[in-house]
>>> print(open('upload_17.txt').read())   # compact mmCIF, C-alpha atoms and all ligand atoms
# COMPACT_ATOMS: atom_id res chain seq x y z
CA MET A 87 -20.59 -11.68 -6.70
CA ALA A 88 -18.98 -9.83 -3.86
CA GLU A 89 -19.34 -6.07 -3.87
CA LEU A 90 -18.44 -4.33 -0.65
CA SER A 91 -19.72 -0.96 0.41
CA LEU A 92 -18.04 0.73 3.35
CA GLN A 93 -20.10 3.72 4.42
CA HIS A 94 -18.82 6.33 6.88
CA ILE A 95 -17.16 3.73 9.05
CA ASP A 96 -15.50 4.79 12.31
CA LYS A 97 -13.69 2.68 14.86
CA ILE A 98 -13.43 3.89 18.42
CA TYR A 99 -11.82 1.35 20.74
CA ASP A 100 -13.00 0.90 24.32
CA ASN A 101 -10.16 3.08 25.61
CA ASN A 102 -11.60 5.90 23.44
CA VAL A 103 -8.78 5.68 20.89
CA GLN A 104 -10.29 6.42 17.50
CA ALA A 105 -8.40 4.21 15.04
CA VAL A 106 -10.49 4.82 11.89
CA PHE A 107 -12.33 7.97 10.78
CA ASP A 108 -15.14 8.05 8.23
CA PHE A 109 -13.91 5.26 5.91
CA ASN A 110 -15.92 5.43 2.69
CA MET A 111 -15.46 3.20 -0.30
CA GLU A 112 -17.28 1.12 -2.89
CA ILE A 113 -15.37 -2.03 -3.83
CA ALA A 114 -16.37 -3.82 -7.03
CA ASP A 115 -16.65 -7.58 -7.42
CA GLY A 116 -13.24 -9.11 -8.08
CA GLU A 117 -11.22 -6.01 -7.24
CA LEU A 118 -7.86 -6.30 -5.51
CA ILE A 119 -7.75 -3.43 -3.04
CA VAL A 120 -4.60 -2.68 -1.06
CA LEU A 121 -4.80 -0.67 2.17
CA VAL A 122 -1.39 0.90 2.69
CA GLY A 123 0.08 3.28 5.26
CA PRO A 124 2.55 3.40 8.13
CA SER A 125 2.25 1.19 11.18
CA GLY A 126 -0.66 2.20 13.41
CA CYS A 127 -2.65 4.06 10.74
CA GLY A 128 -5.71 1.79 11.08
CA LYS A 129 -5.28 -0.75 8.28
CA SER A 130 -5.73 -3.90 10.35
CA THR A 131 -8.57 -2.33 12.29
CA THR A 132 -10.39 -1.63 9.02
CA LEU A 133 -9.79 -5.16 7.74
CA ARG A 134 -10.92 -6.69 11.04
CA MET A 135 -14.13 -4.65 10.96
CA VAL A 136 -14.84 -6.00 7.47
CA ALA A 137 -14.12 -9.52 8.72
CA GLY A 138 -16.38 -9.07 11.73
CA LEU A 139 -13.52 -9.52 14.21
CA GLU A 140 -14.01 -5.96 15.52
CA ASP A 141 -17.27 -4.10 16.05
CA ILE A 142 -17.99 -1.21 13.71
CA SER A 143 -18.50 1.86 15.94
CA ASN A 144 -20.34 4.03 13.39
CA GLY A 145 -21.32 3.58 9.78
CA LYS A 146 -22.44 0.70 7.64
CA LEU A 147 -20.96 -2.27 5.82
CA LEU A 148 -22.84 -3.87 2.92
CA LEU A 149 -21.98 -7.06 1.05
CA ASP A 150 -23.83 -7.21 -2.27
CA GLY A 151 -26.37 -4.79 -0.90
CA THR A 152 -27.03 -6.73 2.31
CA ASP A 153 -26.30 -4.90 5.55
CA ILE A 154 -23.75 -7.01 7.44
CA THR A 155 -22.62 -4.28 9.85
CA ARG A 156 -23.61 -6.39 12.85
CA ALA A 157 -23.35 -9.86 11.32
CA PRO A 158 -21.07 -12.29 13.21
CA ALA A 159 -17.78 -13.16 11.50
CA LYS A 160 -18.83 -16.73 10.78
CA ASP A 161 -21.82 -15.57 8.72
CA ARG A 162 -19.86 -13.18 6.50
CA ASP A 163 -18.41 -15.72 4.09
CA MET A 164 -14.96 -14.14 4.19
CA ALA A 165 -11.58 -15.75 4.79
CA MET A 166 -8.64 -14.02 6.41
CA VAL A 167 -4.93 -14.76 5.99
CA PHE A 168 -2.74 -13.46 8.81
CA GLN A 169 0.88 -12.38 8.93
CA ASN A 170 1.87 -15.19 11.31
CA TYR A 171 -0.06 -17.82 9.24
CA ALA A 172 -1.73 -19.14 12.45
CA LEU A 173 -1.22 -22.79 11.46
CA TYR A 174 -1.77 -25.67 13.89
CA GLY A 175 1.68 -27.14 14.54
CA HIS A 176 0.46 -30.60 15.57
CA MET A 177 -1.71 -31.06 12.48
CA SER A 178 -0.62 -32.13 9.01
CA ILE A 179 -0.75 -29.65 6.15
CA TYR A 180 -3.77 -31.54 4.84
CA ASP A 181 -5.61 -31.21 8.15
CA ASN A 182 -4.65 -27.56 8.46
CA MET A 183 -6.15 -26.85 5.07
CA ALA A 184 -9.22 -28.97 5.77
CA PHE A 185 -9.77 -27.53 9.23
CA SER A 186 -12.54 -24.99 8.59
CA LEU A 187 -14.43 -27.45 6.37
CA THR A 188 -14.14 -30.19 9.00
CA LEU A 189 -15.51 -27.75 11.56
CA ARG A 190 -18.43 -27.09 9.23
CA LYS A 191 -18.90 -30.88 9.05
CA GLU A 192 -18.69 -30.97 5.29
CA ASP A 193 -18.69 -34.29 3.51
CA LYS A 194 -15.25 -35.99 3.64
CA ASN A 195 -15.12 -36.49 -0.13
CA VAL A 196 -15.96 -32.86 -0.78
CA ILE A 197 -13.25 -31.79 1.69
CA HIS A 198 -10.77 -34.11 0.00
CA LYS A 199 -11.49 -32.66 -3.43
CA LYS A 200 -11.24 -29.07 -2.24
CA VAL A 201 -7.99 -29.61 -0.34
CA LEU A 202 -6.39 -31.36 -3.32
CA ALA A 203 -7.54 -28.64 -5.70
CA ALA A 204 -6.14 -25.88 -3.48
CA ALA A 205 -2.89 -27.82 -2.95
CA GLU A 206 -2.54 -28.14 -6.71
CA ILE A 207 -3.01 -24.40 -7.27
CA LEU A 208 -0.49 -23.62 -4.53
CA ASP A 209 2.04 -26.30 -5.44
CA LEU A 210 1.64 -28.05 -2.09
CA THR A 211 0.53 -31.47 -3.29
CA SER A 212 3.71 -33.21 -2.16
CA GLN A 213 3.65 -31.49 1.25
CA LEU A 214 0.22 -32.56 2.47
CA ASN A 215 1.43 -35.19 4.94
CA LYS A 216 4.05 -32.98 6.52
CA LYS A 217 3.74 -30.81 9.61
CA PRO A 218 4.09 -27.00 9.37
CA ALA A 219 7.54 -27.08 11.02
CA GLN A 220 8.88 -29.15 8.10
CA LEU A 221 7.93 -26.45 5.57
CA SER A 222 9.75 -23.28 4.54
CA GLY A 223 8.29 -19.87 5.38
CA GLY A 224 7.02 -19.45 1.85
CA GLN A 225 5.31 -22.84 1.87
CA ARG A 226 3.68 -22.12 5.23
CA GLN A 227 2.41 -18.87 3.80
CA ARG A 228 0.85 -20.83 0.94
CA VAL A 229 -0.79 -23.24 3.37
CA ALA A 230 -2.38 -20.24 5.07
CA MET A 231 -3.72 -19.13 1.68
CA GLY A 232 -4.85 -22.68 0.94
CA ARG A 233 -6.86 -22.69 4.13
CA ALA A 234 -8.67 -19.61 2.88
CA ILE A 235 -9.16 -20.94 -0.66
CA VAL A 236 -10.82 -24.23 0.34
CA ARG A 237 -13.65 -22.27 1.90
CA SER A 238 -14.43 -20.56 -1.45
CA PRO A 239 -15.23 -17.36 0.42
CA ARG A 240 -16.83 -14.37 -1.25
CA VAL A 241 -14.11 -12.07 0.04
CA PHE A 242 -10.44 -12.72 0.86
CA LEU A 243 -8.79 -10.60 3.54
CA PHE A 244 -4.99 -10.60 3.76
CA ASP A 245 -3.21 -8.84 6.63
CA GLU A 246 0.49 -8.32 5.84
CA PRO A 247 0.84 -11.90 4.55
CA LEU A 248 4.41 -11.41 3.34
CA SER A 249 5.94 -9.67 6.36
CA ASN A 250 7.63 -12.78 7.69
CA LEU A 251 9.32 -13.69 4.40
CA ASP A 252 12.75 -12.57 3.27
CA ALA A 253 13.02 -10.00 0.48
CA LYS A 254 13.48 -12.45 -2.39
CA LEU A 255 10.60 -14.66 -1.33
CA ARG A 256 8.40 -11.62 -0.84
CA GLY A 257 8.84 -10.74 -4.51
CA SER A 258 8.01 -14.19 -5.83
CA THR A 259 5.11 -14.72 -3.41
CA ARG A 260 3.72 -11.34 -4.41
CA ARG A 261 3.60 -12.51 -8.02
CA GLU A 262 1.94 -15.77 -6.91
CA ILE A 263 -0.74 -13.81 -5.11
CA LEU A 264 -1.38 -11.79 -8.28
CA LEU A 265 -1.77 -14.97 -10.33
CA LEU A 266 -3.94 -16.52 -7.64
CA HIS A 267 -6.19 -13.48 -7.67
CA LYS A 268 -6.51 -13.65 -11.46
CA ARG A 269 -7.41 -17.31 -11.21
CA LEU A 270 -9.93 -16.99 -8.38
CA GLN A 271 -11.37 -13.66 -9.62
CA ALA A 272 -12.36 -12.97 -6.06
CA THR A 273 -12.68 -9.70 -4.20
CA LEU A 274 -9.52 -9.30 -2.16
CA LEU A 275 -8.62 -6.74 0.51
CA TYR A 276 -4.93 -6.72 1.20
CA VAL A 277 -3.18 -4.81 4.01
CA THR A 278 0.48 -3.84 3.91
CA HIS A 279 2.80 -1.06 5.12
CA ASP A 280 4.97 -1.63 2.03
CA GLN A 281 4.37 0.81 -0.82
CA THR A 282 6.04 -1.54 -3.33
CA GLU A 283 3.50 -4.28 -2.53
CA ALA A 284 0.72 -1.75 -2.89
CA MET A 285 2.01 -0.46 -6.22
CA THR A 286 2.58 -3.91 -7.73
CA LEU A 287 -0.54 -5.72 -6.49
CA ALA A 288 -3.40 -3.26 -6.36
CA ASP A 289 -6.18 -2.55 -8.79
CA ARG A 290 -6.77 0.38 -6.45
CA ILE A 291 -4.81 1.59 -3.46
CA VAL A 292 -6.26 3.12 -0.30
CA CYS A 293 -3.52 5.20 1.32
CA MET A 294 -4.14 5.86 5.02
CA SER A 295 -2.53 7.98 7.70
CA MET A 296 -3.55 8.28 11.36
CA GLY A 297 -6.93 6.67 10.79
CA HIS A 298 -7.87 8.85 7.84
CA VAL A 299 -8.09 7.81 4.20
CA GLN A 300 -5.73 10.13 2.34
CA GLN A 301 -6.43 9.01 -1.22
CA ILE A 302 -8.06 6.18 -3.14
CA GLY A 303 -6.98 5.47 -6.69
CA THR A 304 -5.06 3.28 -9.10
CA PRO A 305 -1.33 2.91 -8.43
CA MET A 306 -0.66 5.23 -11.37
CA GLU A 307 -3.03 7.90 -10.05
CA LEU A 308 -1.37 7.91 -6.63
CA TYR A 309 2.09 8.01 -8.16
CA ASP A 310 1.37 10.61 -10.85
CA SER A 311 -1.09 12.84 -9.04
CA PRO A 312 -0.88 12.46 -5.28
CA ASP A 313 -3.65 14.45 -3.58
CA ASN A 314 -1.48 15.69 -0.74
CA ILE A 315 2.02 15.77 0.72
CA PHE A 316 1.45 12.61 2.77
CA VAL A 317 0.57 10.45 -0.24
CA ALA A 318 3.31 12.08 -2.33
CA GLY A 319 5.90 11.18 0.30
CA PHE A 320 4.57 7.69 1.05
CA ILE A 321 4.16 6.35 -2.48
CA GLY A 322 7.40 6.14 -4.46
CA LEU A 323 10.87 4.94 -3.50
CA PRO A 324 13.18 6.65 -2.77
CA PRO A 325 10.64 9.15 -1.48
CA MET A 326 9.82 12.45 -3.16
CA ASN A 327 12.03 15.47 -2.30
CA PHE A 328 10.17 18.44 -0.79
CA PHE A 329 11.25 22.08 -0.76
CA ASP A 330 9.73 25.18 0.83
CA VAL A 331 9.81 27.82 -1.86
CA ALA A 332 8.16 31.13 -2.75
CA PHE A 333 6.61 31.84 -6.15
CA GLN A 334 7.43 35.26 -7.64
CA ASP A 335 8.09 36.57 -11.17
CA GLY A 336 7.82 33.15 -12.76
CA VAL A 337 10.49 31.72 -10.48
CA LEU A 338 10.47 29.43 -7.45
CA LYS A 339 12.95 30.59 -4.81
CA GLY A 340 13.96 29.08 -1.51
CA MET A 341 16.19 26.55 0.24
CA GLY A 342 19.09 27.59 -1.96
CA LEU A 343 17.13 27.00 -5.16
CA GLU A 344 16.10 29.34 -7.94
CA ILE A 345 14.00 27.54 -10.52
CA PRO A 346 12.45 29.20 -13.57
CA LEU A 347 9.02 27.76 -14.37
CA SER A 348 7.42 26.95 -17.71
CA ALA A 349 4.25 28.73 -18.81
CA GLU A 350 2.21 25.66 -17.86
CA GLU A 351 3.76 25.54 -14.38
CA GLN A 352 3.21 29.27 -13.85
CA ASN A 353 -0.39 28.84 -14.89
CA ARG A 354 -0.85 26.05 -12.36
CA LEU A 355 0.42 28.45 -9.68
CA SER A 356 -1.57 31.50 -10.80
CA ASP A 357 -3.44 31.66 -7.46
CA TYR A 358 -0.16 31.53 -5.52
CA VAL A 359 1.79 34.54 -6.82
CA GLY A 360 3.86 35.97 -3.96
CA LYS A 361 3.09 32.99 -1.73
CA GLU A 362 5.03 30.16 -0.22
CA ILE A 363 4.32 26.65 -1.50
CA THR A 364 5.82 23.19 -1.13
CA LEU A 365 7.57 21.91 -4.23
CA GLY A 366 7.78 18.12 -4.65
CA VAL A 367 10.17 16.41 -7.05
CA ARG A 368 10.65 12.66 -7.31
CA PRO A 369 14.28 11.47 -7.37
CA GLU A 370 13.64 9.87 -10.77
CA ASP A 371 12.39 13.22 -12.11
CA ILE A 372 15.78 14.84 -11.57
CA SER A 373 18.23 14.70 -14.46
CA GLU A 374 21.76 15.89 -15.09
CA GLY A 375 22.41 19.21 -16.78
CA GLY A 376 20.56 22.40 -15.89
CA PRO A 377 20.43 25.36 -13.56
CA ILE A 378 20.19 23.58 -10.19
CA ALA A 379 23.44 22.98 -8.32
CA ILE A 380 23.52 19.98 -5.99
CA ARG A 381 26.52 19.45 -3.73
CA VAL A 382 27.02 15.68 -3.77
CA THR A 383 27.64 13.68 -0.61
CA THR A 384 27.20 10.06 -1.76
CA ASN A 385 26.93 8.19 -5.05
CA GLU A 386 25.25 4.77 -4.85
CA ASN A 387 25.55 2.69 -8.00
CA LEU A 388 22.73 0.14 -8.25
CA GLY A 389 23.67 -1.12 -11.71
CA MET A 390 20.86 0.17 -13.86
CA ASN A 391 20.51 3.36 -11.81
CA THR A 392 22.57 5.53 -9.53
CA LEU A 393 21.25 7.26 -6.43
CA VAL A 394 23.03 10.56 -5.94
CA HIS A 395 22.46 12.19 -2.56
CA GLY A 396 23.48 15.72 -1.73
CA TYR A 397 22.40 19.20 -0.69
CA THR A 398 21.05 22.31 -2.32
CA GLY A 399 22.84 25.63 -1.70
CA ASP A 400 20.87 25.97 1.53
CA LYS A 401 21.83 22.57 2.92
CA LYS A 402 18.46 21.00 2.09
CA ALA A 403 18.98 17.28 1.47
CA VAL A 404 18.05 16.04 -1.99
CA SER A 405 18.22 12.65 -3.69
CA ALA A 406 18.34 12.01 -7.43
CA LYS A 407 17.89 8.72 -9.22
CA LEU A 408 19.86 8.85 -12.47
CA LYS A 409 19.94 6.34 -15.29
CA GLY A 410 23.11 4.30 -15.65
CA TRP A 411 26.42 4.24 -13.80
CA LYS A 412 27.73 7.49 -12.26
CA ASN A 413 30.90 8.41 -10.47
CA TYR A 414 30.19 11.53 -8.44
CA ARG A 415 32.36 12.07 -5.40
CA ASN A 416 31.75 13.72 -2.09
CA GLY A 417 32.02 17.49 -2.67
CA ASP A 418 31.31 17.44 -6.43
CA ILE A 419 28.72 19.85 -7.77
CA MET A 420 26.11 18.19 -9.97
CA GLN A 421 24.20 20.55 -12.25
CA ALA A 422 20.66 19.28 -12.54
CA SER A 423 17.10 19.96 -13.69
CA PHE A 424 13.82 19.14 -11.99
CA ASN A 425 11.55 17.69 -14.63
CA LYS A 426 8.06 16.88 -13.39
CA LYS A 427 7.13 19.20 -10.50
CA HIS A 428 4.39 18.67 -7.92
CA PHE A 429 3.04 21.75 -6.13
CA PHE A 430 1.36 21.66 -2.73
CA ASP A 431 -0.43 24.26 -0.64
CA LYS A 432 1.76 24.75 2.41
CA GLU A 433 -1.12 25.18 4.84
CA THR A 434 -3.56 22.50 3.69
CA THR A 435 -0.79 20.22 2.28
CA ARG A 436 -3.15 19.57 -0.67
CA ALA A 437 -1.96 19.34 -4.26
CA ILE A 438 -2.36 22.55 -6.23
CA ARG A 439 -4.20 21.70 -9.43
CA LYS A 440 -6.10 23.47 -12.12
CA GLU A 441 -9.45 21.83 -12.56
CA GLU A 442 -9.88 22.47 -16.25
CA GLN A 443 -12.80 20.22 -17.11
N1 LIG B 1 -7.61 -3.57 20.65
C1 LIG B 1 -7.22 -2.28 20.62
N2 LIG B 1 -7.53 -1.45 21.61
C2 LIG B 1 -7.15 -0.15 21.59
N3 LIG B 1 -6.45 0.40 20.57
C3 LIG B 1 -6.10 -0.38 19.56
C4 LIG B 1 -6.46 -1.77 19.51
N4 LIG B 1 -5.98 -2.30 18.36
C5 LIG B 1 -5.34 -1.30 17.73
N5 LIG B 1 -5.41 -0.15 18.43
C6 LIG B 1 -4.88 1.16 18.04
O1 LIG B 1 -5.52 1.56 16.85
C7 LIG B 1 -4.62 2.18 15.96
C8 LIG B 1 -4.60 1.47 14.62
O2 LIG B 1 -4.08 0.17 14.80
P1 LIG B 1 -4.00 -0.89 13.60
O3 LIG B 1 -5.31 -0.92 12.92
O4 LIG B 1 -3.49 -2.15 14.18
O5 LIG B 1 -2.92 -0.20 12.66
P2 LIG B 1 -2.09 -0.83 11.42
O6 LIG B 1 -2.65 -2.17 11.09
O7 LIG B 1 -2.26 0.18 10.34
O8 LIG B 1 -0.66 -0.89 11.88
C9 LIG B 1 -3.28 2.19 16.67
O9 LIG B 1 -3.13 3.42 17.30
C10 LIG B 1 -3.41 1.08 17.67
O10 LIG B 1 -2.60 1.31 18.79
MG MG B 2 -1.69 -4.06 11.12
>>> encode(input="upload_17.txt", output="structure tokens", more="lines below")
Ligand SMILES: Nc1ncnc2c1ncn2[C@@H]1O[C@H](COP(=O)(O)OP(=O)(O)O)[C@@H](O)[C@H]1O
Ligand SMILES: [Mg+2]
Amino acid sequence: MAELSLQHIDKIYDNNVQAVFDFNMEIADGELIVLVGPSGCGKSTTLRMVAGLEDISNGKLLLDGTDITRAPAKDRDMAMVFQNYALYGHMSIYDNMAFSLTLRKEDKNVIHKKVLAAAEILDLTSQLNKKPAQLSGGQRQRVAMGRAIVRSPRVFLFDEPLSNLDAKLRGSTRREILLLHKRLQATLLYVTHDQTEAMTLADRIVCMSMGHVQQIGTPMELYDSPDNIFVAGFIGLPPMNFFDVAFQDGVLKGMGLEIPLSAEEQNRLSDYVGKEITLGVRPEDISEGGPIAIRVTTNENLGMNTLVHGYTGDKKAVSAKLKGWKNYRNGDIMQASFNKKHFFDKETTRAIRKEEQ
């Protein structure tokens, strides 16, 4: 078992920079949690506090109900995998993987068994006598994971483990990590700035900005119902389009747009009659045909989809992701509809919802 409870955790560094504010979360045994957000938002700091590599300034950290807020890293039974792999260049792959067990003075036969088992899982059996420099980036990454696996930790902590791999290898290694997690059934905290990694790996995503947790939820929850403009803009690629509009007489007006709303949409906005709001529309929720005129600038055919970029009447940039192959040219007018619409309060940036339950 490895349940983690993070309770009102703050991090204030010695120079008085507060990197994390009131981080609160219950993590279930075996969950794969991805912390995602832009560079500098406090992801690594949070992970390092869980690992015991940074002091927790305020708040509590429990592992299966035991308070480990002040426990030294070596007593936490967690294993961390870093972006740069941190392998020892002069040691063989075998010795790199065995290192932490050798330090712990475990029995040589036990070490041997564990290293071979991890090498088997990670497809490294034929590499064990080599040195790190003789391996590809992807293999080195797997050695770093192997080093964590041999320790059979209660919690795995991964800090941007795929950042040094090229795009193709990132995809395949991501899938390997998913399979590995299924196989080990271990609690795993995974840090990345890449929303695609977060969407594809996570049981639940924690989206952070400037030290604050913005939303915690399944990938689908964050994609379908982002709590605020930050999450809406961060999750999803290409990013959501945003428009400043006013709601009056059943119509949204602004930035060169005039969009009639359905009864359901008007009902959602019933507290905002006569007010300005932020409208969010994902590129994939724009389709051809309809009342909205977009002046096209570029047409990018991706094969299965086409990204059409352009402007509304008021020169507000907008991107649409259409199915299939398109041939719009610079200057064309594309008539379009906005299908699913997200509404946000302009002042609080929070999603406007009707709590009907
Ligand atoms: N050792 C440190 N001392 C002071 N400030 C730090 C230290 N480490 C990180 N920070 C600051 O804390 C904030 C969060 O950093 P970090 O957790 O590394 O972000 P992320 O991993 O999301 O990119 C940043 O503003 C960073 O400059
Ligand atoms: Mg980081």
>>> closest_atom_pairs(input="upload_17.txt", of="chain A", to="ligand MG 2 (chain B)", cutoff="8 Å", atoms="all atoms listed in the file", output="JSON lines")
{"residue": "A:Ser125", "atom": "CA", "partner": "B:MG2", "partner_atom": "MG", "distance": 6.6}
{"residue": "A:Gly126", "atom": "CA", "partner": "B:MG2", "partner_atom": "MG", "distance": 6.7}
{"residue": "A:Gly128", "atom": "CA", "partner": "B:MG2", "partner_atom": "MG", "distance": 7.1}
{"residue": "A:Lys129", "atom": "CA", "partner": "B:MG2", "partner_atom": "MG", "distance": 5.6}
{"residue": "A:Ser130", "atom": "CA", "partner": "B:MG2", "partner_atom": "MG", "distance": 4.1}
{"residue": "A:Thr131", "atom": "CA", "partner": "B:MG2", "partner_atom": "MG", "distance": 7.2}
{"residue": "A:Asp245", "atom": "CA", "partner": "B:MG2", "partner_atom": "MG", "distance": 6.7}
{"residue": "A:Glu246", "atom": "CA", "partner": "B:MG2", "partner_atom": "MG", "distance": 7.1}
{"residue": "A:Val277", "atom": "CA", "partner": "B:MG2", "partner_atom": "MG", "distance": 7.3}
{"residue": "A:Thr278", "atom": "CA", "partner": "B:MG2", "partner_atom": "MG", "distance": 7.5}
>>> residues_near_ligand(input="upload_17.txt", ligand="ligand LIG 1 (chain B)", cutoff="9 Å", atoms="only C-alpha atoms and all ligand atoms", output="PyMOL selection string")
chain A and resi 97-106+121-134+140+245-246+277-279+294-297
>>> write_last_selection(input="upload_17.txt", atoms="C-alpha atoms", output="PDB file, in the coordinates of the input")
ATOM      1  CA  LYS A  97     -13.690   2.680  14.860  1.00  0.00           C
ATOM      2  CA  ILE A  98     -13.430   3.890  18.420  1.00  0.00           C
ATOM      3  CA  TYR A  99     -11.820   1.350  20.740  1.00  0.00           C
ATOM      4  CA  ASP A 100     -13.000   0.900  24.320  1.00  0.00           C
ATOM      5  CA  ASN A 101     -10.160   3.080  25.610  1.00  0.00           C
ATOM      6  CA  ASN A 102     -11.600   5.900  23.440  1.00  0.00           C
ATOM      7  CA  VAL A 103      -8.780   5.680  20.890  1.00  0.00           C
ATOM      8  CA  GLN A 104     -10.290   6.420  17.500  1.00  0.00           C
ATOM      9  CA  ALA A 105      -8.400   4.210  15.040  1.00  0.00           C
ATOM     10  CA  VAL A 106     -10.490   4.820  11.890  1.00  0.00           C
ATOM     11  CA  LEU A 121      -4.800  -0.670   2.170  1.00  0.00           C
ATOM     12  CA  VAL A 122      -1.390   0.900   2.690  1.00  0.00           C
ATOM     13  CA  GLY A 123       0.080   3.280   5.260  1.00  0.00           C
ATOM     14  CA  PRO A 124       2.550   3.400   8.130  1.00  0.00           C
ATOM     15  CA  SER A 125       2.250   1.190  11.180  1.00  0.00           C
ATOM     16  CA  GLY A 126      -0.660   2.200  13.410  1.00  0.00           C
ATOM     17  CA  CYS A 127      -2.650   4.060  10.740  1.00  0.00           C
ATOM     18  CA  GLY A 128      -5.710   1.790  11.080  1.00  0.00           C
ATOM     19  CA  LYS A 129      -5.280  -0.750   8.280  1.00  0.00           C
ATOM     20  CA  SER A 130      -5.730  -3.900  10.350  1.00  0.00           C
ATOM     21  CA  THR A 131      -8.570  -2.330  12.290  1.00  0.00           C
ATOM     22  CA  THR A 132     -10.390  -1.630   9.020  1.00  0.00           C
ATOM     23  CA  LEU A 133      -9.790  -5.160   7.740  1.00  0.00           C
ATOM     24  CA  ARG A 134     -10.920  -6.690  11.040  1.00  0.00           C
ATOM     25  CA  GLU A 140     -14.010  -5.960  15.520  1.00  0.00           C
ATOM     26  CA  ASP A 245      -3.210  -8.840   6.630  1.00  0.00           C
ATOM     27  CA  GLU A 246       0.490  -8.320   5.840  1.00  0.00           C
ATOM     28  CA  VAL A 277      -3.180  -4.810   4.010  1.00  0.00           C
ATOM     29  CA  THR A 278       0.480  -3.840   3.910  1.00  0.00           C
ATOM     30  CA  HIS A 279       2.800  -1.060   5.120  1.00  0.00           C
ATOM     31  CA  MET A 294      -4.140   5.860   5.020  1.00  0.00           C
ATOM     32  CA  SER A 295      -2.530   7.980   7.700  1.00  0.00           C
ATOM     33  CA  MET A 296      -3.550   8.280  11.360  1.00  0.00           C
ATOM     34  CA  GLY A 297      -6.930   6.670  10.790  1.00  0.00           C
TER      35      GLY A 297
END
>>> atom_distance(input="upload_17.txt", atom1="CA of Gly138 (chain A)", atom2="CA of Met177 (chain A)")
26.4 Å
>>> atom_distance(input="upload_17.txt", atom1="CA of Phe329 (chain A)", atom2="CA of Ser373 (chain A)")
17.1 Å
>>> closest_residue(input="upload_17.txt", among="A:Arg233, A:Leu275, A:Arg439, A:Ser258", to="Val136 (chain A)", atoms="all atoms listed in the file")
A:Leu275
>>> atom_distance(input="upload_17.txt", atom1="CA of Thr286 (chain A)", atom2="CA of Thr304 (chain A)")
10.6 Å
>>> residues_around(input="upload_17.txt", residues="Leu221 (chain A)", least_positions_apart="4", cutoff="12 Å", atoms="only C-alpha atoms", output="list in words")
Leu173, Gly175, Ser178, Ile179, Leu210, Ser212, Gln213, Leu214, Asn215, Lys216, Lys217, Gln225, Arg226, Gln227, Arg228 and Val229 of chain A
>>> residues_around(input="upload_17.txt", residues="Ile315 (chain A)", least_positions_apart="2", cutoff="8 Å", atoms="only C-alpha atoms", output="count of residues only")
9
>>> closest_residue(input="upload_17.txt", among="A:Glu374, A:Met326, A:Asn385, A:Val236", to="Tyr180 (chain A)", atoms="only C-alpha atoms")
A:Val236
>>> closest_residue(input="upload_17.txt", among="A:Val382, A:Met285, A:Val167, A:Leu270", to="Phe244 (chain A)", atoms="only C-alpha atoms")
A:Val167
>>> closest_residue(input="upload_17.txt", among="A:Leu187, A:Gly116, A:Asn110, A:Glu192", to="Arg269 (chain A)", atoms="all atoms listed in the file")
A:Gly116
>>> closest_residue(input="upload_17.txt", among="A:Asp193, A:Lys440, A:Val367, A:Leu388", to="Val404 (chain A)", atoms="only C-alpha atoms")
A:Val367
>>> closest_residue(input="upload_17.txt", among="A:Asp209, A:Glu307, A:Glu344, A:Glu386", to="Lys409 (chain A)", atoms="only C-alpha atoms")
A:Glu386
>>> residues_around(input="upload_17.txt", residues="Asn425 (chain A)", least_positions_apart="6", cutoff="10 Å", atoms="only C-alpha atoms", output="NGL selection string")
:A and (367-373)
>>> residues_around(input="upload_17.txt", residues="Pro377 (chain A)", least_positions_apart="4", cutoff="9 Å", atoms="only C-alpha atoms", output="list in words")
Glu344, Ile345, Pro346, Gln421, Ala422 and Ser423 of chain A
>>> residues_around(input="upload_17.txt", residues="Leu274 (chain A)", least_positions_apart="6", cutoff="12 Å", atoms="all atoms listed in the file", output="PyMOL selection string")
chain A and resi 88-90+113-121+133+136-137+164-167+234-235+239-245+263-264+266-268+287-291
>>> decode(input="upload_17.txt", residues="region 194-201 of chain A", atoms="N, CA and C atoms", output="JSON list (two decimals), in the first residue's frame")
[["chain", "number", "residue", "atom", "x", "y", "z"],
["A", 194, "LYS", "N", 24.23, -10.38, -2.31],
["A", 194, "LYS", "CA", 24.62, -10.34, -3.74],
["A", 194, "LYS", "C", 23.64, -11.13, -4.61],
["A", 195, "ASN", "N", 23.16, -12.26, -4.12],
["A", 195, "ASN", "CA", 22.22, -13.06, -4.91],
["A", 195, "ASN", "C", 20.88, -12.37, -5.08],
["A", 196, "VAL", "N", 20.46, -11.71, -4.01],
["A", 196, "VAL", "CA", 19.20, -10.97, -4.08],
["A", 196, "VAL", "C", 19.34, -9.83, -5.09],
["A", 197, "ILE", "N", 20.47, -9.12, -5.00],
["A", 197, "ILE", "CA", 20.72, -8.01, -5.94],
["A", 197, "ILE", "C", 20.67, -8.54, -7.38],
["A", 198, "HIS", "N", 21.37, -9.67, -7.59],
["A", 198, "HIS", "CA", 21.45, -10.25, -8.92],
["A", 198, "HIS", "C", 20.05, -10.54, -9.48],
["A", 199, "LYS", "N", 19.24, -11.16, -8.66],
["A", 199, "LYS", "CA", 17.87, -11.50, -9.07],
["A", 199, "LYS", "C", 17.08, -10.25, -9.43],
["A", 200, "LYS", "N", 17.18, -9.24, -8.57],
["A", 200, "LYS", "CA", 16.38, -8.03, -8.78],
["A", 200, "LYS", "C", 16.83, -7.28, -10.03],
["A", 201, "VAL", "N", 18.15, -7.21, -10.24],
["A", 201, "VAL", "CA", 18.65, -6.50, -11.42],
["A", 201, "VAL", "C", 18.22, -7.24, -12.69]]
